[in-house]
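Visitor: Please see the structure below; I have some questions.
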Amino acid sequence: MALLTHLLVCTFGMGSWVAINGLWVELPLLVTELPEGWYLPSYLTVIIQLANVGPLLVTLLHHFRPGYLSEVPVIFTVLGVGTVACTLLAFLWNITSWVLGGHYSITFMVLTFFLALVDCTSSVTFLPFMSQLPTYYLTTFFVGEGLSGLLPALVALAQGSGLTTCVNVTETPYTTPSPNTTWRTDIPQGDNSTPVTGLFGTALPMAHLESRYLPANFSPLVFFLLLSLMMACCLMAFFLLQRHPRHQKTSTEDLLTSQVTLHSIRPLKEDLGPPGLVDNSRGQGHLEEKTAPHHPAHLVLIYVLVAFVNALTNGVLPSVQTYSCLSYGPVAYHLSATLSSMANPLACFFSMFLSNRSLPFLGFLTVVGTGFGAYNMAMAVMSPCPLMQGHWSGEVVIVASWVLFNGCLSYVKVMLGMILRDRSRSALLWCGAAVQLGSLLGALLMFPLVNVWRLFSSADFCSLHCSA
């Protein structure tokens with residue numbers, strides 16, 4: 001029975017961010033069909049940040065109307081909406097609409113907003129529900145949350161989405177008395193082209209390389225149906241957990257002291273019971289003994305770090321990942337997108353065993369992660385001719401830089417969350433506010449740079465002409 005419960009909890013945790021993680025790893029295939037092209041990631045970044053209205057509303061209701069909102073119906077609603085949205089996305093993802101003189105993927109963006117609303121709201125509803133189970137199930141829950149990034153990445157790798165090859169395209173204009181006609185022939189790369197004499201004149205062949213997308217092993221329809229199946233499994237797991245006999249409700253102190261990070265949950269004061277209880281006072285004293293920084297300057301520094309790190313990881317760098325990687329080829333982009341999506345849950349998992357809450361160490365790690373982010377940004381600015389373009393070492397460095405960027409800053413976010421969680425009950429609420437504020441500012445900063453002023457140039461790997 002315990003093994004079954006662990007399996008259900010793991011499946012339940014998998015539904016937390018599986019939909020949005022799936023969208024990110026499917027981008028190389030989506031951009032070939034949607035009119036936004038490689039501007040789509042910056043649109044997604046803004047849409048996901050706008051969906052933070054969900055957790056904000058839940059947090060405000062818990063703060064101003066304690067006991068008014070129950071997690072169970074919210075979770076059922078969230079998982080139901082996620083399953084339906086994924087199913088609709090499978091059939092409607094490539095539908096476009098004519099808006100303001102151009103074609104836009106309005107249907108795709110609206111469904112993406114609902115998926116983001118589901119995943120963002122899960123962060124403030126799933127963990128409070130887990131407080132009703134014994135503490136040792138929390139580790140299983142976060143293993144499942146890590147799988148929400150790993151499984152879509154593995155499916156995308158099996159799909160082979162966005163892989164391209166270079167073909168030698170020969171264009172032959174014929175000189176005739178009539179208007180010019182251009183004949184176009186695709187020749188596999190490496191074949192020699194020779195002039196061909198036409199009926200009314202001589203051929204002047206001009207050859208160049210162009211990128212051609214390889215057909216995926218299966219379509220986005222199948223991919224999104226698999227995502228909807230994952231969401232449906234999560235919904236079924238939650239339904240079975242509801243019917244499963246529960247143990248004694250875990251105390252809030254046990255929830256707080258577990259090695260798990262939570263960025264934004266309801267104020268914990270509601271769960272502590274009447275203020276006159278002896279156990280509550282003892283728990284409060286225990287929490288205060290573990291309080292790390294007491295000085296206000298330390299708290300300000302922590303909140304600034306939380307906002308800064310989330311601005312980079314959730315807003316600034318995701319908007320330019322395509323520009324920083326595509327110049328090195330589709331394989332480099334595909335690996336950077338999938339492996340960096342795995343770095344976040346892995347960093348959270350390792351932080352459970354390798355915990356270091358020292359502020360100087362976290363500051364140093366923030367600088368290191370920001371350095372990797374600065375390199376990624378510099379390569380995006382230099383696109384389509386970044387450093388070491390055309391050499392295998394450039395591909396290795398850009399993939400490693402993205403993985404280490406996400407890994408370092410994810411670890412910092414985990415440790416900062418632990419410090420604030422042990423600081424006080426209200427610190428978690430302000431931590432969530434800092435997370436969402438930083439993410440929103442990062443997205444709003446990058447959107448005009450990418451989509452309005454278009455400061456970044458996309459690259460066609462096969463037709464690049466960069467000096468050595």
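Each chain in the structure tokens gets a letter, A, B and so on, in the order shown; residues start at 1 in every chain, and ligands are counted from 1 in the order they appear.
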Compile the contact shell of A:Thr32 as a PyMOL selection string: residues with an atom at most 12 Å away, counting only C-alpha atoms, same-chain residues fewer than 3 positions apart removed.
Guide: chain A and resi 26-29+35-40+94+161-164+211-216+220
Visitor: Within 8 Å of A:Ile47, counting only C-alpha atoms, which residues qualify if same-chain residues fewer than 4 places away don't, as a PDB file with N, CA and C atoms, in the first residue's frame?
Guide:
```
ATOM      1  N   TYR A  43       7.017  35.753 -26.728  1.00  0.00           N
ATOM      2  CA  TYR A  43       5.585  35.826 -26.471  1.00  0.00           C
ATOM      3  C   TYR A  43       5.196  34.870 -25.338  1.00  0.00           C
ATOM      4  N   ALA A  51       0.085  34.753 -16.408  1.00  0.00           N
ATOM      5  CA  ALA A  51      -0.683  33.707 -15.729  1.00  0.00           C
ATOM      6  C   ALA A  51      -0.423  33.678 -14.231  1.00  0.00           C
ATOM      7  N   MET A 109      -1.940  30.940 -28.276  1.00  0.00           N
ATOM      8  CA  MET A 109      -1.566  31.773 -27.132  1.00  0.00           C
ATOM      9  C   MET A 109      -2.607  31.715 -26.018  1.00  0.00           C
ATOM     10  N   THR A 112      -2.210  28.445 -24.330  1.00  0.00           N
ATOM     11  CA  THR A 112      -0.973  28.495 -23.551  1.00  0.00           C
ATOM     12  C   THR A 112      -1.182  29.249 -22.247  1.00  0.00           C
ATOM     13  N   PHE A 113      -1.971  30.311 -22.285  1.00  0.00           N
ATOM     14  CA  PHE A 113      -2.269  31.065 -21.059  1.00  0.00           C
ATOM     15  C   PHE A 113      -2.975  30.168 -20.040  1.00  0.00           C
ATOM     16  N   ALA A 116      -0.468  27.799 -18.607  1.00  0.00           N
ATOM     17  CA  ALA A 116       0.395  28.502 -17.659  1.00  0.00           C
ATOM     18  C   ALA A 116      -0.346  28.812 -16.369  1.00  0.00           C
TER      19      ALA A 116
END
```
Visitor: Looking at A:Leu7, A:Leu409, A:Val118, A:Leu92, which one is nearest to A:Gly373, with distances taken over only C-alpha atoms?
Guide: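 Closest residue, counting only C-alpha atoms: A:Leu409.
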Visitor: For A:Cys86, please output as a VMD selection string all residues within 8 Å (counting only C-alpha atoms; exclusion window: fewer than 3 positions along the same chain).
Guide: chain A and resid 19 82 to 83 89 to 90 111 115 224 to 225 227 to 228
Visitor: Of the candidates A:Ala434, A:Val397, A:Phe405, A:Gly315, which shows the shortest atom-to-atom distance to A:Met446, using only C-alpha atoms?
Guide: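 When distances to A:Met446 are compared using only C-alpha atoms, the smallest one comes from A:Gly315.
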Visitor: Identify, on the basis of only C-alpha atoms, every residue whose closest approach to A:Phe126 does not exceed 12 Å; exclude the query and any residue fewer than 3 positions from it along the same chain; express the result as a count of residues only.
Guide: 41
Visitor: Determine, counting only C-alpha atoms, which protein, DNA and RNA residues have an atom within 9 Å of an atom of A:Ser351; residues of the same chain fewer than 3 positions away are not included. Present the result as a PyMOL selection string.
Guide: chain A and resi 259-260+346-348+354-356+411+414-415
Visitor: Could you jot down the atom CA of A:Leu437 to atom CA of A:Val309 separation for me, Å, one decimal place?
Guide: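 Interatomic distance, atom CA of A:Leu437 to atom CA of A:Val309: 11.0 Å.
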Visitor: Any idea what's packed within 12 Å of A:Cys462, counting only C-alpha atoms, ignoring anything in its chain fewer than 4 positions away? Could you give it as an mmCIF file with N, CA, C and O atoms, in the first residue's frame?
Guide:
```cif
data_model
loop_
_atom_site.group_PDB
_atom_site.id
_atom_site.type_symbol
_atom_site.label_atom_id
_atom_site.label_comp_id
_atom_site.auth_asym_id
_atom_site.auth_seq_id
_atom_site.Cartn_x
_atom_site.Cartn_y
_atom_site.Cartn_z
ATOM 1 N N THR A 164 17.285 19.863 -38.546
ATOM 2 C CA THR A 164 17.378 20.321 -39.939
ATOM 3 C C THR A 164 18.591 19.708 -40.614
ATOM 4 O O THR A 164 19.493 19.162 -39.965
ATOM 5 N N THR A 165 18.603 19.828 -41.916
ATOM 6 C CA THR A 165 19.753 19.442 -42.716
ATOM 7 C C THR A 165 19.982 20.517 -43.765
ATOM 8 O O THR A 165 19.085 21.323 -44.056
ATOM 9 N N CYS A 166 21.174 20.549 -44.299
ATOM 10 C CA CYS A 166 21.517 21.542 -45.314
ATOM 11 C C CYS A 166 21.430 20.903 -46.701
ATOM 12 O O CYS A 166 21.952 19.804 -46.915
ATOM 13 N N VAL A 167 20.756 21.593 -47.616
ATOM 14 C CA VAL A 167 20.663 21.118 -48.993
ATOM 15 C C VAL A 167 21.239 22.178 -49.912
ATOM 16 O O VAL A 167 21.171 23.373 -49.636
ATOM 17 N N ASN A 168 21.818 21.697 -51.006
ATOM 18 C CA ASN A 168 22.419 22.582 -51.998
ATOM 19 C C ASN A 168 21.340 22.940 -53.015
ATOM 20 O O ASN A 168 20.912 22.110 -53.809
ATOM 21 N N VAL A 169 20.882 24.183 -52.997
ATOM 22 C CA VAL A 169 19.816 24.656 -53.866
ATOM 23 C C VAL A 169 20.434 25.398 -55.039
ATOM 24 O O VAL A 169 21.206 26.351 -54.851
ATOM 25 N N GLN A 189 23.579 17.989 -50.599
ATOM 26 C CA GLN A 189 24.832 18.676 -50.338
ATOM 27 C C GLN A 189 25.998 17.800 -50.757
ATOM 28 O O GLN A 189 26.085 16.625 -50.432
ATOM 29 N N HIS A 208 23.456 27.701 -53.627
ATOM 30 C CA HIS A 208 23.675 28.101 -52.236
ATOM 31 C C HIS A 208 22.992 27.084 -51.331
ATOM 32 O O HIS A 208 22.120 26.320 -51.769
ATOM 33 N N LEU A 209 23.411 27.069 -50.068
ATOM 34 C CA LEU A 209 22.860 26.135 -49.099
ATOM 35 C C LEU A 209 21.678 26.750 -48.377
ATOM 36 O O LEU A 209 21.677 27.930 -48.052
ATOM 37 N N GLU A 210 20.674 25.935 -48.137
ATOM 38 C CA GLU A 210 19.519 26.352 -47.362
ATOM 39 C C GLU A 210 19.182 25.276 -46.340
ATOM 40 O O GLU A 210 19.463 24.098 -46.552
ATOM 41 N N SER A 211 18.575 25.712 -45.233
ATOM 42 C CA SER A 211 18.149 24.759 -44.202
ATOM 43 C C SER A 211 16.806 24.148 -44.588
ATOM 44 O O SER A 211 15.898 24.854 -45.029
ATOM 45 N N ARG A 212 16.709 22.840 -44.403
ATOM 46 C CA ARG A 212 15.450 22.149 -44.610
ATOM 47 C C ARG A 212 15.159 21.313 -43.370
ATOM 48 O O ARG A 212 16.025 20.559 -42.912
ATOM 49 N N TYR A 213 13.974 21.475 -42.826
ATOM 50 C CA TYR A 213 13.617 20.743 -41.622
ATOM 51 C C TYR A 213 13.347 19.285 -41.948
ATOM 52 O O TYR A 213 12.630 18.967 -42.903
ATOM 53 N N LEU A 326 20.946 28.962 -32.049
ATOM 54 C CA LEU A 326 20.697 28.522 -33.428
ATOM 55 C C LEU A 326 21.887 28.748 -34.352
ATOM 56 O O LEU A 326 22.033 28.030 -35.341
ATOM 57 N N SER A 327 22.726 29.725 -34.054
ATOM 58 C CA SER A 327 23.903 29.953 -34.897
ATOM 59 C C SER A 327 24.857 28.777 -34.858
ATOM 60 O O SER A 327 25.674 28.601 -35.774
ATOM 61 N N TYR A 328 24.794 27.970 -33.804
ATOM 62 C CA TYR A 328 25.651 26.801 -33.691
ATOM 63 C C TYR A 328 24.998 25.552 -34.280
ATOM 64 O O TYR A 328 25.584 24.469 -34.233
ATOM 65 N N GLY A 329 23.791 25.694 -34.791
ATOM 66 C CA GLY A 329 23.122 24.567 -35.416
ATOM 67 C C GLY A 329 21.919 24.099 -34.629
ATOM 68 O O GLY A 329 21.781 24.374 -33.432
ATOM 69 N N PRO A 330 21.018 23.382 -35.287
ATOM 70 C CA PRO A 330 19.788 22.922 -34.615
ATOM 71 C C PRO A 330 20.044 21.916 -33.503
ATOM 72 O O PRO A 330 19.306 21.858 -32.528
ATOM 73 N N PRO A 384 24.084 36.581 -36.050
ATOM 74 C CA PRO A 384 24.277 35.173 -36.400
ATOM 75 C C PRO A 384 25.724 34.698 -36.436
ATOM 76 O O PRO A 384 25.982 33.596 -36.929
ATOM 77 N N GLN A 389 31.708 30.002 -33.804
ATOM 78 C CA GLN A 389 30.665 29.498 -34.684
ATOM 79 C C GLN A 389 31.312 28.640 -35.776
ATOM 80 O O GLN A 389 32.315 29.011 -36.363
ATOM 81 N N GLY A 390 30.723 27.472 -36.042
ATOM 82 C CA GLY A 390 31.275 26.579 -37.038
ATOM 83 C C GLY A 390 32.261 25.569 -36.498
ATOM 84 O O GLY A 390 32.760 24.738 -37.251
ATOM 85 N N CYS A 466 30.265 33.741 -41.995
ATOM 86 C CA CYS A 466 30.973 34.440 -40.930
ATOM 87 C C CYS A 466 32.472 34.300 -41.153
ATOM 88 O O CYS A 466 32.976 33.223 -41.524
#
```
Visitor: Using only C-alpha atoms, pick whichever of A:Leu455, A:Val143, A:Leu445, A:Val435 has the shortest atom-to-atom distance to A:Asn310.
Guide: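 For A:Asn310, the nearest of the given residues is A:Val435.
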Visitor: Using the chain letters and numbers from this document, which residues of stretch 26-139 of chain A does DSSP assign to helix (DSSP H, G or I), as a VMD selection string?
Guide: chain A and resid 26 to 30 37 to 50 53 to 64 71 to 92 106 to 122 126 to 130 137 to 139
Visitor: In Å, how far is it from atom CA of A:Ala380 to atom CA of A:Leu365?
Guide: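 Here the two named atoms are 22.7 Å from each other.
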Visitor: For A:Gly80, which residue among A:Cys431, A:Val381, A:Cys233, A:Met418 is the nearest when counting only C-alpha atoms?
Guide: A:Cys233
